[in-house]
file structure-v7.pdb (PDB, C-alpha atoms, pLDDT in the B column)
ATOM      1  CA  ILE P 165      56.572  48.641 271.246  1.00 48.00           C
ATOM      2  CA  LEU P 166      53.313  49.752 272.849  1.00 46.00           C
ATOM      3  CA  ILE P 167      53.595  51.018 276.424  1.00 51.00           C
ATOM      4  CA  ILE P 168      50.474  51.670 278.455  1.00 54.00           C
ATOM      5  CA  MET P 169      50.977  54.327 281.113  1.00 54.00           C
ATOM      6  CA  CYS P 170      48.397  55.254 283.708  1.00 59.00           C
ATOM      7  CA  VAL P 171      48.071  58.596 285.457  1.00 58.00           C
ATOM      8  CA  TYR P 172      45.922  58.670 288.586  1.00 55.00           C
ATOM      9  CA  CYS P 173      44.128  61.940 289.279  1.00 59.00           C
ATOM     10  CA  LYS P 174      43.151  61.782 292.921  1.00 55.00           C
ATOM     11  CA  HIS P 175      39.816  63.207 293.921  1.00 51.00           C
ATOM     12  CA  ASN P 176      39.302  66.895 293.419  1.00 53.00           C
ATOM     13  CA  ARG P 177      39.273  68.349 296.916  1.00 60.00           C
ATOM     14  CA  ASN P 178      37.941  71.657 295.697  1.00 61.00           C
ATOM     15  CA  LYS P 179      34.250  72.321 295.765  1.00 63.00           C
ATOM     16  CA  ARG P 180      34.365  73.658 292.230  1.00 69.00           C
ATOM     17  CA  ASN P 181      34.458  71.679 289.047  1.00 76.00           C
ATOM     18  CA  ILE P 182      37.609  71.774 286.948  1.00 77.00           C
ATOM     19  CA  SER P 183      36.291  72.010 283.413  1.00 83.00           C
ATOM     20  CA  ARG P 184      39.728  71.906 281.773  1.00 86.00           C
ATOM     21  CA  LEU P 185      42.661  70.019 283.232  1.00 85.00           C
ATOM     22  CA  GLU P 186      45.656  69.689 280.929  1.00 90.00           C
ATOM     23  CA  ILE P 187      48.015  66.780 281.559  1.00 89.00           C
ATOM     24  CA  TYR P 188      51.465  66.680 279.949  1.00 91.00           C
ATOM     25  CA  LEU P 189      53.754  63.633 279.874  1.00 91.00           C
ATOM     26  CA  ARG P 190      57.371  64.399 278.968  1.00 91.00           C
ATOM     27  CA  SER P 191      60.552  62.343 278.770  1.00 91.00           C
ATOM     28  CA  ASP P 192      63.252  61.540 276.209  1.00 89.00           C
ATOM     29  CA  PHE P 193      60.855  59.122 274.515  1.00 86.00           C
ATOM     30  CA  ILE P 194      57.375  60.223 275.595  1.00 87.00           C
ATOM     31  CA  ASN P 195      55.589  63.375 274.522  1.00 89.00           C
ATOM     32  CA  GLN P 196      51.840  63.164 275.041  1.00 89.00           C
ATOM     33  CA  ASP P 197      49.076  65.484 276.186  1.00 90.00           C
ATOM     34  CA  LYS P 198      45.549  64.972 277.360  1.00 89.00           C
ATOM     35  CA  ILE P 199      42.718  67.307 278.420  1.00 89.00           C
ATOM     36  CA  VAL P 200      40.042  66.165 280.861  1.00 86.00           C
ATOM     37  CA  ASN P 201      37.486  67.665 283.208  1.00 85.00           C
ATOM     38  CA  LEU P 202      37.341  66.827 286.881  1.00 79.00           C
ATOM     39  CA  SER P 203      34.220  67.369 288.922  1.00 80.00           C
ATOM     40  CA  SER P 204      34.273  68.183 292.616  1.00 74.00           C
ATOM     41  CA  LYS P 205      35.365  65.190 294.714  1.00 75.00           C
ATOM     42  CA  GLU P 206      35.908  63.180 291.515  1.00 75.00           C
ATOM     43  CA  GLN P 207      38.938  60.991 290.801  1.00 79.00           C
ATOM     44  CA  LYS P 208      40.065  59.589 287.447  1.00 79.00           C
ATOM     45  CA  THR P 209      42.552  57.129 285.996  1.00 82.00           C
ATOM     46  CA  LEU P 210      43.911  58.201 282.618  1.00 82.00           C
ATOM     47  CA  THR P 211      45.553  55.762 280.223  1.00 84.00           C
ATOM     48  CA  PHE P 212      48.189  56.834 277.714  1.00 84.00           C
ATOM     49  CA  ASP P 213      49.184  54.507 274.860  1.00 85.00           C
ATOM     50  CA  VAL P 214      52.807  55.249 274.076  1.00 83.00           C
ATOM     51  CA  THR P 215      54.561  53.767 271.039  1.00 83.00           C
ATOM     52  CA  VAL P 216      58.335  53.389 271.286  1.00 82.00           C
ATOM     53  CA  ASP P 217      60.758  52.206 268.612  1.00 82.00           C
ATOM     54  CA  PRO P 218      61.352  48.479 269.259  1.00 79.00           C
ATOM     55  CA  GLN P 219      65.067  49.009 268.639  1.00 80.00           C
ATOM     56  CA  THR P 220      65.373  51.378 271.581  1.00 83.00           C
ATOM     57  CA  ALA P 221      68.414  50.270 273.532  1.00 86.00           C
ATOM     58  CA  PRO P 222      68.155  49.370 277.215  1.00 87.00           C
ATOM     59  CA  GLN P 223      68.474  52.575 279.238  1.00 89.00           C
ATOM     60  CA  GLU P 224      66.995  54.623 282.026  1.00 91.00           C
ATOM     61  CA  ASP P 225      64.575  57.475 281.499  1.00 91.00           C
ATOM     62  CA  THR P 226      62.730  60.005 283.637  1.00 92.00           C
ATOM     63  CA  LEU P 227      59.048  60.747 283.136  1.00 91.00           C
ATOM     64  CA  MET P 228      57.776  64.181 284.073  1.00 91.00           C
ATOM     65  CA  VAL P 229      54.025  64.704 284.608  1.00 90.00           C
ATOM     66  CA  THR P 230      52.660  68.243 284.618  1.00 91.00           C
ATOM     67  CA  LEU P 231      49.045  69.301 285.303  1.00 88.00           C
ATOM     68  CA  VAL P 232      47.838  72.736 284.229  1.00 90.00           C
ATOM     69  CA  THR P 233      44.459  74.330 284.881  1.00 87.00           C
ATOM     70  CA  GLU P 234      43.068  77.838 284.958  1.00 86.00           C
ATOM     71  CA  HIS P 235      41.438  79.709 287.808  1.00 79.00           C
ATOM     72  CA  GLU P 236      40.175  83.277 287.723  1.00 78.00           C
ATOM     73  CA  GLY P 237      42.137  84.042 284.561  1.00 79.00           C
ATOM     74  CA  ARG P 238      45.475  82.716 285.719  1.00 86.00           C
ATOM     75  CA  ALA P 239      47.192  79.385 285.007  1.00 87.00           C
ATOM     76  CA  ILE P 240      47.843  77.023 287.884  1.00 85.00           C
ATOM     77  CA  LYS P 241      50.587  74.475 287.334  1.00 90.00           C
ATOM     78  CA  PHE P 242      51.270  71.289 289.310  1.00 86.00           C
ATOM     79  CA  GLU P 243      54.430  69.167 288.946  1.00 88.00           C
ATOM     80  CA  ALA P 244      54.143  65.531 289.942  1.00 86.00           C
ATOM     81  CA  PRO P 245      57.242  63.847 291.372  1.00 88.00           C
ATOM     82  CA  PRO P 246      59.500  62.523 288.566  1.00 90.00           C
ATOM     83  CA  VAL P 247      59.107  58.835 287.778  1.00 89.00           C
ATOM     84  CA  GLU P 248      62.251  56.859 286.994  1.00 90.00           C
ATOM     85  CA  TYR P 249      61.765  53.910 284.662  1.00 87.00           C
ATOM     86  CA  THR P 250      63.960  51.632 282.559  1.00 87.00           C
ATOM     87  CA  PHE P 251      63.816  50.192 279.076  1.00 84.00           C
ATOM     88  CA  SER P 252      64.814  46.603 279.695  1.00 85.00           C
ATOM     89  CA  SER P 253      66.693  44.269 277.412  1.00 85.00           C
ATOM     90  CA  TYR P 254      64.518  41.739 275.639  1.00 85.00           C
ATOM     91  CA  GLY P 255      64.726  39.221 272.813  1.00 87.00           C
ATOM     92  CA  GLU P 256      67.400  36.773 271.752  1.00 91.00           C
ATOM     93  CA  VAL P 257      69.322  35.440 268.782  1.00 92.00           C
ATOM     94  CA  VAL P 258      67.106  33.055 266.814  1.00 93.00           C
ATOM     95  CA  PRO P 259      68.703  30.603 264.339  1.00 93.00           C
ATOM     96  CA  ASP P 260      66.936  29.455 261.197  1.00 95.00           C
ATOM     97  CA  ARG P 261      68.256  26.468 259.206  1.00 94.00           C
ATOM     98  CA  GLN P 262      67.692  25.775 255.532  1.00 95.00           C
ATOM     99  CA  ILE P 263      69.192  22.661 253.891  1.00 94.00           C
ATOM    100  CA  ASP P 264      69.462  22.089 250.149  1.00 95.00           C
ATOM    101  CA  SER P 265      70.791  18.626 249.340  1.00 93.00           C
ATOM    102  CA  SER P 266      71.450  16.548 246.246  1.00 93.00           C
ATOM    103  CA  PHE P 267      73.407  13.384 245.491  1.00 92.00           C
ATOM    104  CA  LEU P 268      76.572  13.472 247.619  1.00 92.00           C
ATOM    105  CA  LYS P 269      76.271  17.262 248.058  1.00 94.00           C
ATOM    106  CA  SER P 270      74.502  19.526 250.531  1.00 95.00           C
ATOM    107  CA  THR P 271      74.341  23.210 251.356  1.00 96.00           C
ATOM    108  CA  GLU P 272      73.216  24.214 254.843  1.00 95.00           C
ATOM    109  CA  ALA P 273      72.434  27.879 255.501  1.00 96.00           C
ATOM    110  CA  ILE P 274      72.079  28.940 259.145  1.00 95.00           C
ATOM    111  CA  THR P 275      70.694  32.452 259.535  1.00 96.00           C
ATOM    112  CA  PHE P 276      71.055  34.110 262.930  1.00 96.00           C
ATOM    113  CA  LYS P 277      68.628  36.970 263.617  1.00 95.00           C
ATOM    114  CA  ASN P 278      68.912  39.219 266.626  1.00 93.00           C
ATOM    115  CA  THR P 279      65.359  39.971 267.809  1.00 91.00           C
ATOM    116  CA  ALA P 280      66.637  41.845 270.857  1.00 89.00           C
ATOM    117  CA  ASN P 281      66.922  45.593 271.371  1.00 88.00           C
ATOM    118  CA  ASP P 282      70.628  45.434 272.158  1.00 89.00           C
ATOM    119  CA  GLN P 283      73.716  43.792 270.741  1.00 91.00           C
ATOM    120  CA  LYS P 284      73.909  40.032 271.161  1.00 92.00           C
ATOM    121  CA  THR P 285      76.588  37.438 270.506  1.00 92.00           C
ATOM    122  CA  ALA P 286      75.891  34.040 268.960  1.00 91.00           C
ATOM    123  CA  VAL P 287      78.324  31.128 268.927  1.00 91.00           C
ATOM    124  CA  TYR P 288      78.089  28.554 266.150  1.00 91.00           C
ATOM    125  CA  GLU P 289      79.891  25.228 266.558  1.00 92.00           C
ATOM    126  CA  LEU P 290      80.064  22.330 264.123  1.00 91.00           C
ATOM    127  CA  GLN P 291      81.715  19.092 265.204  1.00 91.00           C
ATOM    128  CA  MET P 292      83.085  16.566 262.715  1.00 87.00           C
ATOM    129  CA  ASN P 293      85.832  14.008 262.253  1.00 88.00           C
ATOM    130  CA  MET P 294      88.928  14.561 260.134  1.00 85.00           C
ATOM    131  CA  PHE P 295      87.544  12.559 257.200  1.00 88.00           C
ATOM    132  CA  SER P 296      84.380  14.681 256.941  1.00 88.00           C
ATOM    133  CA  ALA P 297      86.447  17.847 257.332  1.00 88.00           C
ATOM    134  CA  LEU P 298      88.214  17.039 254.028  1.00 89.00           C
ATOM    135  CA  PHE P 299      84.937  17.462 252.182  1.00 91.00           C
ATOM    136  CA  THR P 300      83.434  20.331 254.216  1.00 92.00           C
ATOM    137  CA  SER P 301      83.890  24.075 253.856  1.00 91.00           C
ATOM    138  CA  ILE P 302      82.274  26.927 255.742  1.00 92.00           C
ATOM    139  CA  GLU P 303      81.611  30.597 255.028  1.00 92.00           C
ATOM    140  CA  PRO P 304      82.732  32.801 256.665  1.00 90.00           C
ATOM    141  CA  THR P 305      85.965  30.857 256.932  1.00 87.00           C
ATOM    142  CA  ALA P 306      86.588  29.188 260.277  1.00 85.00           C
ATOM    143  CA  ALA P 307      89.512  27.145 261.505  1.00 82.00           C
ATOM    144  CA  LEU P 308      89.022  23.527 262.530  1.00 82.00           C
ATOM    145  CA  LYS P 309      90.299  23.049 266.078  1.00 85.00           C
ATOM    146  CA  GLN P 310      90.073  19.705 267.845  1.00 85.00           C
ATOM    147  CA  GLY P 311      87.394  18.498 265.458  1.00 85.00           C
ATOM    148  CA  THR P 312      85.182  21.588 265.811  1.00 89.00           C
ATOM    149  CA  TYR P 313      84.476  24.568 263.599  1.00 89.00           C
ATOM    150  CA  SER P 314      83.697  27.537 265.853  1.00 90.00           C
ATOM    151  CA  LEU P 315      82.425  31.011 264.919  1.00 91.00           C
ATOM    152  CA  GLU P 316      81.447  33.868 267.210  1.00 91.00           C
ATOM    153  CA  ILE P 317      79.041  36.388 265.678  1.00 92.00           C
ATOM    154  CA  SER P 318      78.156  39.818 267.077  1.00 93.00           C
ATOM    155  CA  LEU P 319      74.753  41.093 265.982  1.00 93.00           C
ATOM    156  CA  ASP P 320      73.267  44.543 266.347  1.00 91.00           C
ATOM    157  CA  PRO P 321      69.521  44.839 267.039  1.00 89.00           C
ATOM    158  CA  ARG P 322      67.461  43.343 264.163  1.00 88.00           C
ATOM    159  CA  GLU P 323      70.640  42.376 262.325  1.00 92.00           C
ATOM    160  CA  GLU P 324      70.892  39.071 260.464  1.00 94.00           C
ATOM    161  CA  ARG P 325      73.940  37.077 259.452  1.00 94.00           C
ATOM    162  CA  THR P 326      74.161  33.791 257.594  1.00 95.00           C
ATOM    163  CA  ILE P 327      76.676  30.969 257.907  1.00 95.00           C
ATOM    164  CA  VAL P 328      76.827  28.529 254.984  1.00 96.00           C
ATOM    165  CA  VAL P 329      78.215  24.996 255.317  1.00 95.00           C
ATOM    166  CA  TYR P 330      79.099  23.164 252.106  1.00 95.00           C
ATOM    167  CA  ARG P 331      79.523  19.379 252.028  1.00 94.00           C
ATOM    168  CA  ASN P 332      80.746  17.784 248.795  1.00 95.00           C
ATOM    169  CA  TYR P 333      81.600  14.076 248.647  1.00 93.00           C
ATOM    170  CA  TRP P 334      81.854  13.975 244.849  1.00 94.00           C
ATOM    171  CA  PRO P 335      85.703  13.910 244.779  1.00 92.00           C
ATOM    172  CA  ILE P 336      85.914  10.720 246.850  1.00 92.00           C
ATOM    173  CA  PHE P 337      83.117   9.166 244.792  1.00 94.00           C
ATOM    174  CA  VAL P 338      84.902   9.995 241.522  1.00 94.00           C
ATOM    175  CA  PHE P 339      88.171   8.634 242.938  1.00 94.00           C
ATOM    176  CA  PHE P 340      86.708   5.231 243.832  1.00 95.00           C
ATOM    177  CA  LEU P 341      84.693   5.168 240.616  1.00 95.00           C
ATOM    178  CA  ALA P 342      87.869   5.672 238.589  1.00 96.00           C
ATOM    179  CA  ILE P 343      89.541   2.828 240.470  1.00 96.00           C
ATOM    180  CA  ALA P 344      86.578   0.541 239.864  1.00 96.00           C
ATOM    181  CA  LEU P 345      86.480   1.403 236.152  1.00 95.00           C
ATOM    182  CA  GLY P 346      90.210   0.844 235.890  1.00 94.00           C
ATOM    183  CA  VAL P 347      89.944  -2.609 237.443  1.00 93.00           C
ATOM    184  CA  MET P 348      87.030  -3.496 235.164  1.00 92.00           C
ATOM    185  CA  ALA P 349      88.946  -2.285 232.087  1.00 92.00           C
ATOM    186  CA  TYR P 350      91.952  -4.349 233.101  1.00 88.00           C
ATOM    187  CA  TYR P 351      89.950  -7.565 233.364  1.00 84.00           C
ATOM    188  CA  ILE P 352      88.044  -6.832 230.147  1.00 83.00           C
ATOM    189  CA  PHE P 353      90.977  -5.912 227.920  1.00 85.00           C
ATOM    190  CA  ARG P 354      93.823  -7.983 229.382  1.00 83.00           C
ATOM    191  CA  CYS P 355      95.368 -10.776 227.341  1.00 83.00           C
ATOM    192  CA  PRO P 356      93.603 -14.072 228.119  1.00 83.00           C
ATOM    193  CA  ILE P 357      96.809 -16.123 227.712  1.00 85.00           C
ATOM    194  CA  ILE P 358      99.622 -16.279 230.220  1.00 86.00           C
ATOM    195  CA  LEU P 359     102.895 -17.500 228.758  1.00 85.00           C
ATOM    196  CA  GLU P 360     105.877 -18.640 230.762  1.00 87.00           C
ATOM    197  CA  LYS P 361     109.076 -19.670 229.003  1.00 85.00           C
ATOM    198  CA  ARG P 362     111.993 -21.559 230.528  1.00 86.00           C
ATOM    199  CA  ALA P 363     115.221 -22.813 229.020  1.00 81.00           C
ATOM    200  CA  LYS P 364     117.478 -25.581 230.384  1.00 82.00           C
ATOM    201  CA  VAL P 365     120.985 -26.403 229.091  1.00 77.00           C
ATOM    202  CA  LEU P 366     121.278 -30.149 228.513  1.00 78.00           C
ATOM    203  CA  ARG P 367     124.837 -30.355 227.136  1.00 78.00           C
ATOM    204  CA  ALA P 368     127.731 -27.956 226.876  1.00 74.00           C
ATOM    205  CA  SER P 369     131.359 -28.429 225.736  1.00 73.00           C
ATOM    206  CA  LYS P 370     134.237 -26.059 226.305  1.00 70.00           C
ATOM    207  CA  GLY P 371     131.956 -23.203 227.055  1.00 69.00           C
ATOM    208  CA  ASP P 372     129.680 -23.810 224.067  1.00 75.00           C
ATOM    209  CA  ILE P 373     126.068 -24.848 224.483  1.00 70.00           C
ATOM    210  CA  ARG P 374     125.306 -27.969 222.530  1.00 71.00           C
ATOM    211  CA  ASP P 375     121.749 -28.883 223.548  1.00 80.00           C
ATOM    212  CA  VAL P 376     119.054 -26.702 225.097  1.00 77.00           C
ATOM    213  CA  LYS P 377     115.647 -27.718 226.315  1.00 83.00           C
ATOM    214  CA  VAL P 378     112.993 -24.967 225.973  1.00 82.00           C
ATOM    215  CA  MET P 379     109.753 -25.265 227.919  1.00 86.00           C
ATOM    216  CA  VAL P 380     106.764 -23.033 227.254  1.00 85.00           C
ATOM    217  CA  HIS P 381     103.939 -22.999 229.800  1.00 87.00           C
ATOM    218  CA  LEU P 382     100.561 -21.602 228.581  1.00 86.00           C
ATOM    219  CA  VAL P 383      97.596 -20.759 230.816  1.00 88.00           C
ATOM    220  CA  ASN P 384      94.157 -19.631 229.612  1.00 86.00           C
ATOM    221  CA  ARG P 385      92.946 -17.371 232.413  1.00 83.00           C
ATOM    222  CA  SER P 386      89.722 -16.362 230.687  1.00 81.00           C
ATOM    223  CA  SER P 387      86.370 -18.137 230.896  1.00 81.00           C
ATOM    224  CA  LYS P 388      86.344 -18.793 227.138  1.00 83.00           C
ATOM    225  CA  THR P 389      88.046 -21.448 225.044  1.00 84.00           C
ATOM    226  CA  VAL P 390      90.938 -20.237 222.876  1.00 80.00           C
ATOM    227  CA  ASP P 391      90.823 -22.296 219.663  1.00 80.00           C
ATOM    228  CA  THR P 392      93.998 -21.338 217.816  1.00 80.00           C
ATOM    229  CA  ILE P 393      97.293 -20.266 219.278  1.00 81.00           C
ATOM    230  CA  ASP P 394     100.297 -19.484 217.088  1.00 81.00           C
ATOM    231  CA  LEU P 395     103.528 -19.882 218.992  1.00 80.00           C
ATOM    232  CA  ILE P 396     106.584 -18.273 217.358  1.00 80.00           C
ATOM    233  CA  ASP P 397     110.032 -18.289 218.917  1.00 76.00           C
ATOM    234  CA  HIS P 398     113.136 -16.676 217.502  1.00 75.00           C
ATOM    235  CA  ILE P 399     116.413 -18.569 218.014  1.00 69.00           C
ATOM    236  CA  PRO P 400     119.561 -16.456 217.742  1.00 64.00           C
TER     237      PRO P 400
END

call {"tool": "encode", "arguments": {"input": "structure-v7.pdb", "output": "structure tokens"}}
result
Amino acid sequence: ILIIMCVYCKHNRNKRNISRLEIYLRSDFINQDKIVNLSSKEQKTLTFDVTVDPQTAPQEDTLMVTLVTEHEGRAIKFEAPPVEYTFSSYGEVVPDRQIDSSFLKSTEAITFKNTANDQKTAVYELQMNMFSALFTSIEPTAALKQGTYSLEISLDPREERTIVVYRNYWPIFVFFLAIALGVMAYYIFRCPIILEKRAKVLRASKGDIRDVKVMVHLVNRSSKTVDTIDLIDHIP
């Protein structure tokens, strides 16, 4: 982070020129010096470009400004009033989504990056019905509550974390495909002839069966003609 700080040197009230005026900026994060000259009645504005680590946490700091010059062989030192300033919080958690999909499968990666200079919390929620939940998994693992996957992520400054959502509908596709193939195999390989046999007692005497009428009902349930049918019945 680049901070521009200005120091105002009010006009030199002395009649003499100050050929060497040393200016010192000191704080927990700032340590800069500058040497200027200041003519009689002159005033100057000095700019200091201060670079601070962008991960510096929000906090207060005190800037001390000291001016040192020399007169008649002795150093003269001036202390400006301390300046209180604050490193503010900035930035946010930025999500980035990448989706890789194929037939009946997809992988969604959501990367959360904390661009702030302090710790941030991100909440990820994914809503779905119970059917979709059967074919969805998430890493890190999250519990499904009232149709919503919910994850709370704490991120330090500049930290990144990724949540991956897997969707795989292949199992349900294979299940219905197996059923369809089974039905097709049944109709292809089933016997084309349906046979129904009935027997009716026509005459009986003293518990013995004398005459029996046997009826055989044949049905061709295929779309093709069956030319020859051999019908064999075993009589005990």

call {"tool": "closest_residue", "arguments": {"input": "structure-v7.pdb", "among": "P:His398, P:Ile393, P:Glu360, P:Arg184", "to": "P:Val380", "atoms": "all atoms listed in the file"}}
result
P:Glu360

call {"tool": "atom_distance", "arguments": {"input": "structure-v7.pdb", "atom1": "atom CA of P:Ser253", "atom2": "atom CA of P:Thr226"}}
result
17.4 Å

call {"tool": "closest_residue", "arguments": {"input": "structure-v7.pdb", "among": "P:Lys388, P:Arg354, P:Lys277, P:Lys309", "to": "P:Glu289", "atoms": "only C-alpha atoms"}}
result
P:Lys309

call {"tool": "residues_around", "arguments": {"input": "structure-v7.pdb", "residues": "P:Trp334", "least_positions_apart": "5", "cutoff": "10 Å", "atoms": "only C-alpha atoms", "output": "JSON, numbers by chain"}}
result
{"P": [267, 268, 269, 299, 339]}

call {"tool": "resolve_selection", "arguments": {"input": "structure-v7.pdb", "expression": "the PyMOL selection byres ((chain P and resi 259-265) around 9)", "output": "NGL selection string"}}
result
:P and (257-258 or 266-278)

call {"tool": "residues_around", "arguments": {"input": "structure-v7.pdb", "residues": "stretch 245-248 of chain P", "least_positions_apart": "5", "cutoff": "7 Å", "atoms": "all atoms listed in the file", "output": "PDB file with C-alpha atoms, in the coordinates of the input"}}
result
ATOM      1  CA  ASP P 225      64.575  57.475 281.499  1.00 91.00           C
ATOM      2  CA  THR P 226      62.730  60.005 283.637  1.00 92.00           C
ATOM      3  CA  LEU P 227      59.048  60.747 283.136  1.00 91.00           C
ATOM      4  CA  MET P 228      57.776  64.181 284.073  1.00 91.00           C
TER       5      MET P 228
END

call {"tool": "closest_residue", "arguments": {"input": "structure-v7.pdb", "among": "P:Leu308, P:Ile327, P:Leu395, P:Ala221", "to": "P:Tyr288", "atoms": "only C-alpha atoms"}}
result
P:Ile327

call {"tool": "build_atoms", "arguments": {"input": "structure-v7.pdb", "residues": "stretch 229-237 of chain P", "atoms": "all heavy atoms", "output": "compact mmCIF listing (two decimals), in the coordinates of the input"}}
result
# COMPACT_ATOMS: atom_id res chain seq x y z
N VAL P 229 55.47 64.52 284.78
CA VAL P 229 54.02 64.70 284.61
C VAL P 229 53.66 66.09 285.13
O VAL P 229 53.94 66.43 286.29
CB VAL P 229 53.23 63.61 285.35
CG1 VAL P 229 51.73 63.84 285.15
CG2 VAL P 229 53.64 62.22 284.87
N THR P 230 53.05 66.87 284.26
CA THR P 230 52.66 68.24 284.62
C THR P 230 51.15 68.40 284.41
O THR P 230 50.61 68.00 283.38
CB THR P 230 53.41 69.26 283.76
OG1 THR P 230 54.82 69.06 283.91
CG2 THR P 230 53.06 70.68 284.17
N LEU P 231 50.48 69.01 285.39
CA LEU P 231 49.04 69.30 285.30
C LEU P 231 48.86 70.82 285.29
O LEU P 231 49.45 71.53 286.13
CB LEU P 231 48.28 68.69 286.48
CG LEU P 231 48.14 67.15 286.49
CD1 LEU P 231 49.42 66.50 287.00
CD2 LEU P 231 46.96 66.73 287.35
N VAL P 232 48.07 71.29 284.36
CA VAL P 232 47.84 72.74 284.23
C VAL P 232 46.33 72.97 284.15
O VAL P 232 45.63 72.30 283.38
CB VAL P 232 48.53 73.30 282.98
CG1 VAL P 232 48.24 74.79 282.83
CG2 VAL P 232 50.04 73.06 283.03
N THR P 233 45.86 73.91 284.95
CA THR P 233 44.46 74.33 284.88
C THR P 233 44.40 75.85 285.01
O THR P 233 45.43 76.52 285.21
CB THR P 233 43.63 73.65 285.99
OG1 THR P 233 42.24 73.97 285.79
CG2 THR P 233 44.06 74.13 287.36
N GLU P 234 43.22 76.39 284.91
CA GLU P 234 43.07 77.84 284.96
C GLU P 234 42.03 78.22 286.02
O GLU P 234 40.99 77.57 286.15
CB GLU P 234 42.62 78.36 283.58
CG GLU P 234 42.57 79.88 283.48
CD GLU P 234 42.22 80.36 282.10
OE1 GLU P 234 42.66 79.72 281.11
OE2 GLU P 234 41.47 81.35 282.01
N HIS P 235 42.37 79.24 286.77
CA HIS P 235 41.44 79.71 287.81
C HIS P 235 41.49 81.23 287.86
O HIS P 235 42.56 81.83 288.05
CB HIS P 235 41.81 79.11 289.17
CG HIS P 235 40.92 79.57 290.28
ND1 HIS P 235 39.56 79.32 290.30
CD2 HIS P 235 41.19 80.28 291.41
CE1 HIS P 235 39.04 79.83 291.40
NE2 HIS P 235 40.01 80.42 292.10
N GLU P 236 40.32 81.82 287.66
CA GLU P 236 40.17 83.28 287.72
C GLU P 236 41.17 83.97 286.79
O GLU P 236 41.85 84.93 287.16
CB GLU P 236 40.33 83.78 289.16
CG GLU P 236 39.23 83.28 290.08
CD GLU P 236 39.39 83.79 291.51
OE1 GLU P 236 40.46 84.43 291.78
OE2 GLU P 236 38.48 83.56 292.33
N GLY P 237 41.32 83.40 285.59
CA GLY P 237 42.14 84.04 284.56
C GLY P 237 43.62 83.80 284.67
O GLY P 237 44.40 84.35 283.90
